[in-house]
Structure formats: structure tokens, C-alpha cells
Amino acid sequence: MKFFIDTANLDQIREAQALGVLDGVTTNPSLMAKEGITGEKNIIQHYVDICNIVDGDVSAEVISVDFDGMVREGKALAALHPQIVVKIPMIEEGIKALKYFSDEGIKTNCTLIFSTGQALLAAKAGATYMSPFIGRLDDISTDGLNLIQEIREIYDNYGFETQILAASVRHTMHVIECAKIGADVMTGPLSSIKGLLNHPLTDIGLAKFLEDYSKGNQ
Ligand code: E4P
């Protein structure tokens with residue numbers, strides 16, 4: 001399972017990268033705005049800065065909603081750095097753009113997936129990744145993890161190579177349940193990755209080992 005971090009915060013990206021378990025980064029216009037990154041020039045530079053920190057794929061989202069605009073923007077984003085994955089919204093023009101980039105050999109991430117039908121279309125269009133937003137489904141009393149399970153089943157039925165990128169992950173249990181289902185990737189905040197470390201018995205056990213070691217060396 002690949003671990004992506006879902007942020008535009010460079011310090012958090014550095015911290016996750018330093019752990020040695022990071023496989024990539026996802027961003028979106030809201031995450032950029034949260035870090036105060038606005039304006040095309042600054043956003044472009046920020047993508048390059050992120051690529052220079054991590055080793056894996058970095059999703060960069062188009063803001064056009066028409067095919068020509070998505071293709072123009074996506075090509076410019078992909079040309080920025082070999083790690084860039086063009087992030088395309090799940091809309092009719094987006095499907096056409098996914099197919100276009102797939103034929104061109106440019107990696108894509110189809111975003112804002114909330115149903116199995118959308119997941120099927122993204123795979124048919126040749127998306128590299130597709131992002132079902134599980135946290136946002138949970139927010140409206142709909143089982144986000146169930147969607148991941150259903151997409152896994154459909155993709156396995158036909159051997160679709162599109163990777164299931166579980167997005168809008170909010171906490172460690174989302175990560176663990178996605179791993180049990182077999183999501184290819186998860187993207188979440190730093191806390192959802194670092195939280196996996198925690199167990200009180202580990203802390204108690206380590207304290208005891210260190211105490212006993214120091215006794216033996218007195
Ligand atoms: C995915 O790529 C999105 O950036 C993201 O996971 C959205 O998550 P949110 O629902 O926490 O905003």
C-alpha cells in the first residue's frame with residue numbers, strides 16, 4: 001500500500017519524507033489556499049518545491065472545466081517535473097481529458113469520486129489513479145469504506161489497472177480499513193500516518209527494556 005500525504009505544507013511533507021515511508025503527495029486548490037499559496041506563478045513554484053522534497057508522485061490539479069483547458073493546463077503541469085500527476089475532476093469533460101492523457105502516456109489522478117459508477121468510468125478512461133473521498137462520504141452519513149470495497153471488487157472483476165487512491169482519509173482507522181480492503185494508495189494528513197506508530201504497550205515495553213539495560217550496566 002502506498003502512503004501519500006494530503007497537504008501543501010512543506011514542513012509536514014519534509015517530516016513525512018524523513019520517516020522514509022512516503023510514496024507521494026496529493027494537493028488541491030483548497031490545500032494550497034490554506035498554506036497561503038495563491039496565484040498561478042506561486043502555485044506552479046510550489047509544485048516544483050514539493051517534487052524536490054519527495055521521491056514519488058505529486059498530484060497537481062487543473063482548474064479548467066473544459067476539455068481544451070484541461071489539456072492545456074495538464075500538459076503545462078506535467079512538463080514541470082517528471083513526478084507530476086495531472087489531477088482531473090470527475091466530470092464529462094474530465095473523462096475525455098483522462099483518455100487523452102492516458103493515450104499520451106501522462107499520469108492522471110481522477111478526483112472527486114463518490115460512486116462506483118464514477119469509479120468505473122475513470123478506469124475505462126485509463127486514469128492512473130482515482131480518488132474516492134471517504135471522509136466526505138462519512139460526513140454525510142454514507143459509508144465511505146464501503147465504496148472502497150465495492151470499487152475493489154469491480155476493478156478486480158475486470159483487472160483494471162487504475163489504482164484506488166483512498167482520499168479524504170481522516171484518521172488511522174481509515175488507513176487500516178483501507179489496507180484490509182486492498183486500496184492501492186491512501187492519502188491523508190500527517191497525523192493519519194504518524195498515528196499508526198502509537199501503542200501504549202510499545203512505550204511501556206521500551207521504558208522497561210531501557211530500565212533493565214541500565215540496571216545491568218550499573
Ligand atoms: C484528495 O486528493 C483530496 O485532496 C483530499 O483527500 C480531500 O480531503 P478532505 O475531504 O479532507 O478535504
# chains A, B, ... in the order shown; residues from 1 in each chain; ligands from 1

$ closest_atom_pairs --of "chain A" --to "ligand 1" --cutoff "6 Å" --atoms "only C-alpha atoms and all ligand atoms" --output "CSV"
residue,atom,partner,partner_atom_place_in_ligand_line,distance
A:Asp6,CA,ligand 1,4 (O),5.7
A:Thr26,CA,ligand 1,2 (O),5.1
A:Thr27,CA,ligand 1,4 (O),5.0
A:Asn28,CA,ligand 1,4 (O),5.0
A:Gly135,CA,ligand 1,10 (O),5.6
A:Arg136,CA,ligand 1,10 (O),5.1
A:Ala167,CA,ligand 1,6 (O),3.9
A:Ser168,CA,ligand 1,8 (O),3.4

$ residues_around --residues "Gly94 in chain A" --least-positions-apart "6" --cutoff "8 Å" --atoms "only C-alpha atoms" --output "compact mmCIF listing (two decimals) with all heavy atoms, in the first residue's frame"
# COMPACT_ATOMS: atom_id res chain seq x y z
N VAL A 65 -12.50 23.51 -16.51
CA VAL A 65 -13.56 22.50 -16.51
C VAL A 65 -13.99 22.15 -17.94
O VAL A 65 -14.98 21.46 -18.14
CB VAL A 65 -14.79 22.96 -15.67
CG1 VAL A 65 -14.45 22.96 -14.18
CG2 VAL A 65 -15.29 24.33 -16.11
N ASP A 66 -13.22 22.62 -18.93
CA ASP A 66 -13.48 22.23 -20.31
C ASP A 66 -12.28 21.43 -20.82
O ASP A 66 -11.17 21.59 -20.32
CB ASP A 66 -13.68 23.47 -21.19
CG ASP A 66 -12.43 24.33 -21.25
OD1 ASP A 66 -12.02 24.85 -20.19
OD2 ASP A 66 -11.83 24.45 -22.34
N PHE A 67 -12.54 20.57 -21.82
CA PHE A 67 -11.51 19.65 -22.31
C PHE A 67 -10.25 20.38 -22.76
O PHE A 67 -9.14 20.04 -22.32
CB PHE A 67 -12.08 18.81 -23.47
CG PHE A 67 -11.07 17.95 -24.15
CD1 PHE A 67 -10.64 16.76 -23.58
CD2 PHE A 67 -10.52 18.34 -25.39
CE1 PHE A 67 -9.69 15.96 -24.22
CE2 PHE A 67 -9.57 17.55 -26.03
CZ PHE A 67 -9.16 16.36 -25.44
N MET A 70 -8.34 21.81 -19.82
CA MET A 70 -7.70 20.76 -19.01
C MET A 70 -6.45 20.22 -19.71
O MET A 70 -5.43 19.98 -19.06
CB MET A 70 -8.66 19.59 -18.79
CG MET A 70 -9.78 19.88 -17.81
SD MET A 70 -10.76 18.38 -17.58
CE MET A 70 -12.19 19.07 -16.82
N ILE A 88 -7.53 15.50 -12.36
CA ILE A 88 -8.65 15.89 -13.21
C ILE A 88 -9.97 15.59 -12.49
O ILE A 88 -10.15 14.48 -11.98
CB ILE A 88 -8.65 15.03 -14.51
CG1 ILE A 88 -7.29 15.06 -15.20
CG2 ILE A 88 -9.80 15.36 -15.43
CD1 ILE A 88 -7.12 16.13 -16.22

$ residues_around --residues "range 192-199 of chain A" --least-positions-apart "3" --cutoff "6 Å" --atoms "only C-alpha atoms" --output "MDAnalysis selection string"
chainID A and resid 171:172 188:189 202

$ closest_atom_pairs --of "range 52-113 of chain A" --to "range 31-39 of chain A" --cutoff "12 Å" --atoms "only C-alpha atoms" --output "CSV"
residue,atom,partner,partner_atom,distance
A:Ser59,CA,A:Leu31,CA,12.0
A:Ala60,CA,A:Met32,CA,10.4
A:Glu61,CA,A:Met32,CA,10.4

$ residues_around --residues "range 100-104 of chain A" --least-positions-apart "2" --cutoff "8 Å" --atoms "only C-alpha atoms" --output "ChimeraX atom specification"
/A:71,96-98,106-108,125-128

$ write_last_selection --atoms "all heavy atoms" --output "PDB file, in the first residue's frame"
ATOM      1  N   VAL A  71      -6.545  20.044 -21.018  1.00  0.00           N
ATOM      2  CA  VAL A  71      -5.397  19.525 -21.770  1.00  0.00           C
ATOM      3  C   VAL A  71      -4.254  20.544 -21.730  1.00  0.00           C
ATOM      4  O   VAL A  71      -3.097  20.195 -21.468  1.00  0.00           O
ATOM      5  CB  VAL A  71      -5.804  19.187 -23.229  1.00  0.00           C
ATOM      6  CG1 VAL A  71      -4.583  18.974 -24.100  1.00  0.00           C
ATOM      7  CG2 VAL A  71      -6.695  17.950 -23.245  1.00  0.00           C
ATOM      8  N   LYS A  96     -12.987  12.845 -20.900  1.00  0.00           N
ATOM      9  CA  LYS A  96     -12.303  12.993 -22.201  1.00  0.00           C
ATOM     10  C   LYS A  96     -10.829  13.317 -21.983  1.00  0.00           C
ATOM     11  O   LYS A  96      -9.956  12.811 -22.685  1.00  0.00           O
ATOM     12  CB  LYS A  96     -12.962  14.115 -23.020  1.00  0.00           C
ATOM     13  CG  LYS A  96     -14.413  13.860 -23.377  1.00  0.00           C
ATOM     14  CD  LYS A  96     -14.989  15.085 -24.096  1.00  0.00           C
ATOM     15  CE  LYS A  96     -16.500  15.041 -24.145  1.00  0.00           C
ATOM     16  NZ  LYS A  96     -17.075  16.320 -24.582  1.00  0.00           N
ATOM     17  N   ALA A  97     -10.570  14.176 -21.004  1.00  0.00           N
ATOM     18  CA  ALA A  97      -9.175  14.570 -20.728  1.00  0.00           C
ATOM     19  C   ALA A  97      -8.368  13.380 -20.186  1.00  0.00           C
ATOM     20  O   ALA A  97      -7.200  13.194 -20.541  1.00  0.00           O
ATOM     21  CB  ALA A  97      -9.150  15.742 -19.749  1.00  0.00           C
ATOM     22  N   LEU A  98      -9.004  12.570 -19.335  1.00  0.00           N
ATOM     23  CA  LEU A  98      -8.318  11.378 -18.799  1.00  0.00           C
ATOM     24  C   LEU A  98      -7.886  10.470 -19.945  1.00  0.00           C
ATOM     25  O   LEU A  98      -6.764   9.964 -19.971  1.00  0.00           O
ATOM     26  CB  LEU A  98      -9.249  10.587 -17.872  1.00  0.00           C
ATOM     27  CG  LEU A  98      -9.560  11.188 -16.504  1.00  0.00           C
ATOM     28  CD1 LEU A  98     -10.668  10.382 -15.837  1.00  0.00           C
ATOM     29  CD2 LEU A  98      -8.329  11.222 -15.611  1.00  0.00           C
ATOM     30  N   ILE A 106       0.652  10.268 -20.109  1.00  0.00           N
ATOM     31  CA  ILE A 106       0.800  11.196 -18.973  1.00  0.00           C
ATOM     32  C   ILE A 106      -0.059  10.687 -17.816  1.00  0.00           C
ATOM     33  O   ILE A 106      -1.238  10.348 -18.009  1.00  0.00           O
ATOM     34  CB  ILE A 106       0.383  12.626 -19.392  1.00  0.00           C
ATOM     35  CG1 ILE A 106       1.417  13.171 -20.395  1.00  0.00           C
ATOM     36  CG2 ILE A 106       0.245  13.551 -18.179  1.00  0.00           C
ATOM     37  CD1 ILE A 106       1.060  14.515 -21.003  1.00  0.00           C
ATOM     38  N   LYS A 107       0.548  10.618 -16.616  1.00  0.00           N
ATOM     39  CA  LYS A 107      -0.167  10.073 -15.461  1.00  0.00           C
ATOM     40  C   LYS A 107      -1.284  11.006 -14.991  1.00  0.00           C
ATOM     41  O   LYS A 107      -1.108  12.238 -14.996  1.00  0.00           O
ATOM     42  CB  LYS A 107       0.809   9.875 -14.296  1.00  0.00           C
ATOM     43  CG  LYS A 107       1.718   8.677 -14.447  1.00  0.00           C
ATOM     44  CD  LYS A 107       2.437   8.491 -13.123  1.00  0.00           C
ATOM     45  CE  LYS A 107       3.468   7.406 -13.180  1.00  0.00           C
ATOM     46  NZ  LYS A 107       4.177   7.264 -11.900  1.00  0.00           N
ATOM     47  N   THR A 108      -2.399  10.397 -14.548  1.00  0.00           N
ATOM     48  CA  THR A 108      -3.538  11.192 -14.078  1.00  0.00           C
ATOM     49  C   THR A 108      -4.069  10.652 -12.751  1.00  0.00           C
ATOM     50  O   THR A 108      -3.867   9.488 -12.415  1.00  0.00           O
ATOM     51  CB  THR A 108      -4.694  11.138 -15.102  1.00  0.00           C
ATOM     52  OG1 THR A 108      -4.987   9.768 -15.399  1.00  0.00           O
ATOM     53  CG2 THR A 108      -4.368  11.882 -16.371  1.00  0.00           C
ATOM     54  N   ALA A 125     -11.574   5.157 -18.751  1.00  0.00           N
ATOM     55  CA  ALA A 125     -10.870   6.255 -19.429  1.00  0.00           C
ATOM     56  C   ALA A 125      -9.357   6.147 -19.252  1.00  0.00           C
ATOM     57  O   ALA A 125      -8.615   6.951 -19.801  1.00  0.00           O
ATOM     58  CB  ALA A 125     -11.372   7.600 -18.907  1.00  0.00           C
ATOM     59  N   GLY A 126      -8.910   5.173 -18.462  1.00  0.00           N
ATOM     60  CA  GLY A 126      -7.457   4.942 -18.343  1.00  0.00           C
ATOM     61  C   GLY A 126      -6.761   5.773 -17.287  1.00  0.00           C
ATOM     62  O   GLY A 126      -5.540   5.994 -17.384  1.00  0.00           O
ATOM     63  N   ALA A 127      -7.508   6.234 -16.269  1.00  0.00           N
ATOM     64  CA  ALA A 127      -6.858   7.011 -15.196  1.00  0.00           C
ATOM     65  C   ALA A 127      -5.780   6.162 -14.513  1.00  0.00           C
ATOM     66  O   ALA A 127      -5.966   4.954 -14.334  1.00  0.00           O
ATOM     67  CB  ALA A 127      -7.904   7.432 -14.160  1.00  0.00           C
ATOM     68  N   THR A 128      -4.679   6.801 -14.142  1.00  0.00           N
ATOM     69  CA  THR A 128      -3.629   6.091 -13.403  1.00  0.00           C
ATOM     70  C   THR A 128      -4.116   5.830 -11.974  1.00  0.00           C
ATOM     71  O   THR A 128      -3.985   4.721 -11.450  1.00  0.00           O
ATOM     72  CB  THR A 128      -2.339   6.945 -13.337  1.00  0.00           C
ATOM     73  OG1 THR A 128      -2.059   7.450 -14.640  1.00  0.00           O
ATOM     74  CG2 THR A 128      -1.165   6.137 -12.813  1.00  0.00           C
TER      75      THR A 128
END

$ select_by_dssp --residues "range 55-175 of chain A" --states "alpha helix (DSSP H)" --output "JSON, numbers by chain"
{"A": [67, 68, 69, 70, 71, 72, 73, 74, 75, 76, 77, 78, 79, 80, 92, 93, 94, 95, 96, 97, 98, 99, 100, 101, 102, 103, 104, 116, 117, 118, 119, 120, 121, 122, 123, 124, 134, 135, 136, 137, 138, 139, 144, 145, 146, 147, 148, 149, 150, 151, 152, 153, 154, 155, 156, 157, 158, 172, 173, 174, 175]}

$ residues_around --residues "range 14-19 of chain A" --least-positions-apart "4" --cutoff "9 Å" --atoms "only C-alpha atoms" --output "ChimeraX atom specification"
/A:5,9-10,23-24,50,53-55,190,193-194

$ select_by_dssp --residues "range 36-146 of chain A" --states "strand (DSSP E)" --output "PyMOL selection string"
chain A and resi 57-61+84-89+108-113+129-132

$ write_last_selection --atoms "N, CA and C atoms" --output "compact mmCIF listing (two decimals), in the first residue's frame"
# COMPACT_ATOMS: atom_id res chain seq x y z
N ASP A 57 5.05 10.30 -6.65
CA ASP A 57 4.11 11.06 -7.47
C ASP A 57 3.49 12.24 -6.70
N VAL A 58 3.34 13.35 -7.40
CA VAL A 58 2.77 14.57 -6.80
C VAL A 58 1.59 15.01 -7.66
N SER A 59 0.39 14.95 -7.09
CA SER A 59 -0.80 15.33 -7.85
C SER A 59 -0.96 16.84 -7.91
N ALA A 60 -1.14 17.36 -9.13
CA ALA A 60 -1.33 18.80 -9.34
C ALA A 60 -2.64 18.98 -10.09
N GLU A 61 -3.55 19.76 -9.50
CA GLU A 61 -4.93 19.79 -10.01
C GLU A 61 -5.15 20.89 -11.05
N ILE A 84 5.11 14.83 -11.59
CA ILE A 84 3.75 15.40 -11.57
C ILE A 84 2.72 14.45 -12.17
N VAL A 85 1.60 14.30 -11.45
CA VAL A 85 0.44 13.55 -11.92
C VAL A 85 -0.68 14.59 -12.09
N VAL A 86 -1.32 14.60 -13.26
CA VAL A 86 -2.33 15.62 -13.53
C VAL A 86 -3.66 15.19 -12.89
N LYS A 87 -4.16 16.06 -12.02
CA LYS A 87 -5.38 15.73 -11.28
C LYS A 87 -6.59 16.36 -11.99
N ILE A 88 -7.53 15.50 -12.36
CA ILE A 88 -8.65 15.89 -13.21
C ILE A 88 -9.97 15.59 -12.49
N PRO A 89 -10.91 16.55 -12.47
CA PRO A 89 -12.19 16.27 -11.80
C PRO A 89 -13.08 15.28 -12.56
N THR A 108 -2.40 10.40 -14.55
CA THR A 108 -3.54 11.19 -14.08
C THR A 108 -4.07 10.65 -12.75
N ASN A 109 -4.76 11.55 -12.06
CA ASN A 109 -5.49 11.18 -10.84
C ASN A 109 -6.88 11.78 -10.98
N CYS A 110 -7.89 10.93 -11.12
CA CYS A 110 -9.26 11.42 -11.26
C CYS A 110 -9.83 11.68 -9.87
N THR A 111 -10.16 12.94 -9.61
CA THR A 111 -10.54 13.35 -8.25
C THR A 111 -12.06 13.56 -8.12
N LEU A 112 -12.50 13.65 -6.87
CA LEU A 112 -13.90 13.89 -6.53
C LEU A 112 -14.79 12.71 -6.96
N ILE A 113 -14.36 11.51 -6.60
CA ILE A 113 -15.13 10.28 -6.88
C ILE A 113 -15.98 9.95 -5.65
N TYR A 129 -4.63 6.89 -11.36
CA TYR A 129 -5.21 6.80 -10.02
C TYR A 129 -6.63 7.34 -10.08
N MET A 130 -7.47 6.91 -9.16
CA MET A 130 -8.77 7.55 -8.98
C MET A 130 -9.01 7.69 -7.48
N SER A 131 -9.56 8.85 -7.10
CA SER A 131 -9.64 9.20 -5.67
C SER A 131 -11.07 9.25 -5.14
N PRO A 132 -11.52 8.17 -4.50
CA PRO A 132 -12.80 8.23 -3.78
C PRO A 132 -12.58 8.94 -2.44

$ atom_distance --atom1 "CA of Val185 in chain A" --atom2 "CA of Phe3 in chain A"
5.9 Å

$ residues_around --residues "Glu150 in chain A" --least-positions-apart "6" --cutoff "12 Å" --atoms "only C-alpha atoms" --output "ChimeraX atom specification"
/A:114-120,132,143-144,156-157,164,178,181-183

$ write_last_selection --atoms "N, CA and C atoms" --output "compact mmCIF listing (two decimals), in the first residue's frame"
# COMPACT_ATOMS: atom_id res chain seq x y z
N PHE A 114 -17.27 9.79 -5.89
CA PHE A 114 -18.19 9.48 -4.79
C PHE A 114 -19.11 8.29 -5.08
N SER A 115 -18.90 7.61 -6.23
CA SER A 115 -19.78 6.47 -6.54
C SER A 115 -19.03 5.42 -7.35
N THR A 116 -19.57 4.21 -7.36
CA THR A 116 -18.95 3.13 -8.13
C THR A 116 -19.04 3.40 -9.64
N GLY A 117 -20.13 4.03 -10.06
CA GLY A 117 -20.27 4.35 -11.49
C GLY A 117 -19.16 5.29 -11.94
N GLN A 118 -18.87 6.29 -11.12
CA GLN A 118 -17.77 7.22 -11.45
C GLN A 118 -16.44 6.48 -11.48
N ALA A 119 -16.26 5.54 -10.55
CA ALA A 119 -15.01 4.77 -10.48
C ALA A 119 -14.83 3.93 -11.74
N LEU A 120 -15.93 3.36 -12.21
CA LEU A 120 -15.90 2.53 -13.42
C LEU A 120 -15.50 3.38 -14.63
N PRO A 132 -11.52 8.17 -4.50
CA PRO A 132 -12.80 8.23 -3.78
C PRO A 132 -12.58 8.94 -2.44
N ASP A 143 -21.37 5.34 4.03
CA ASP A 143 -20.18 4.57 4.38
C ASP A 143 -19.08 4.68 3.31
N GLY A 144 -18.09 5.53 3.57
CA GLY A 144 -17.01 5.74 2.61
C GLY A 144 -16.20 4.48 2.36
N ASP A 156 -11.24 -5.63 -9.60
CA ASP A 156 -10.68 -6.99 -9.63
C ASP A 156 -11.43 -7.88 -10.62
N ASN A 157 -12.73 -7.65 -10.76
CA ASN A 157 -13.53 -8.46 -11.71
C ASN A 157 -12.96 -8.37 -13.12
N ILE A 164 -6.64 2.45 -6.91
CA ILE A 164 -7.61 3.05 -5.99
C ILE A 164 -6.83 3.85 -4.96
N CYS A 178 -8.72 0.63 4.95
CA CYS A 178 -8.40 0.67 3.50
C CYS A 178 -7.36 -0.38 3.16
N ILE A 181 -9.05 -3.75 2.97
CA ILE A 181 -9.85 -3.90 1.75
C ILE A 181 -8.95 -4.10 0.54
N GLY A 182 -7.77 -3.47 0.59
CA GLY A 182 -6.85 -3.59 -0.54
C GLY A 182 -6.79 -2.36 -1.42
N ALA A 183 -7.05 -1.18 -0.84
CA ALA A 183 -6.83 0.06 -1.61
C ALA A 183 -5.35 0.12 -1.98

$ closest_residue --among "A:Gly56, A:Asp49, A:Lys208, A:Asp138" --to "Lys2 in chain A" --atoms "only C-alpha atoms"
A:Gly56

$ atom_distance --atom1 "CA of Met1 in chain A" --atom2 "CA of Gln163 in chain A"
10.4 Å

$ atom_distance --atom1 "CA of Leu165 in chain A" --atom2 "CA of Gln149 in chain A"
12.2 Å
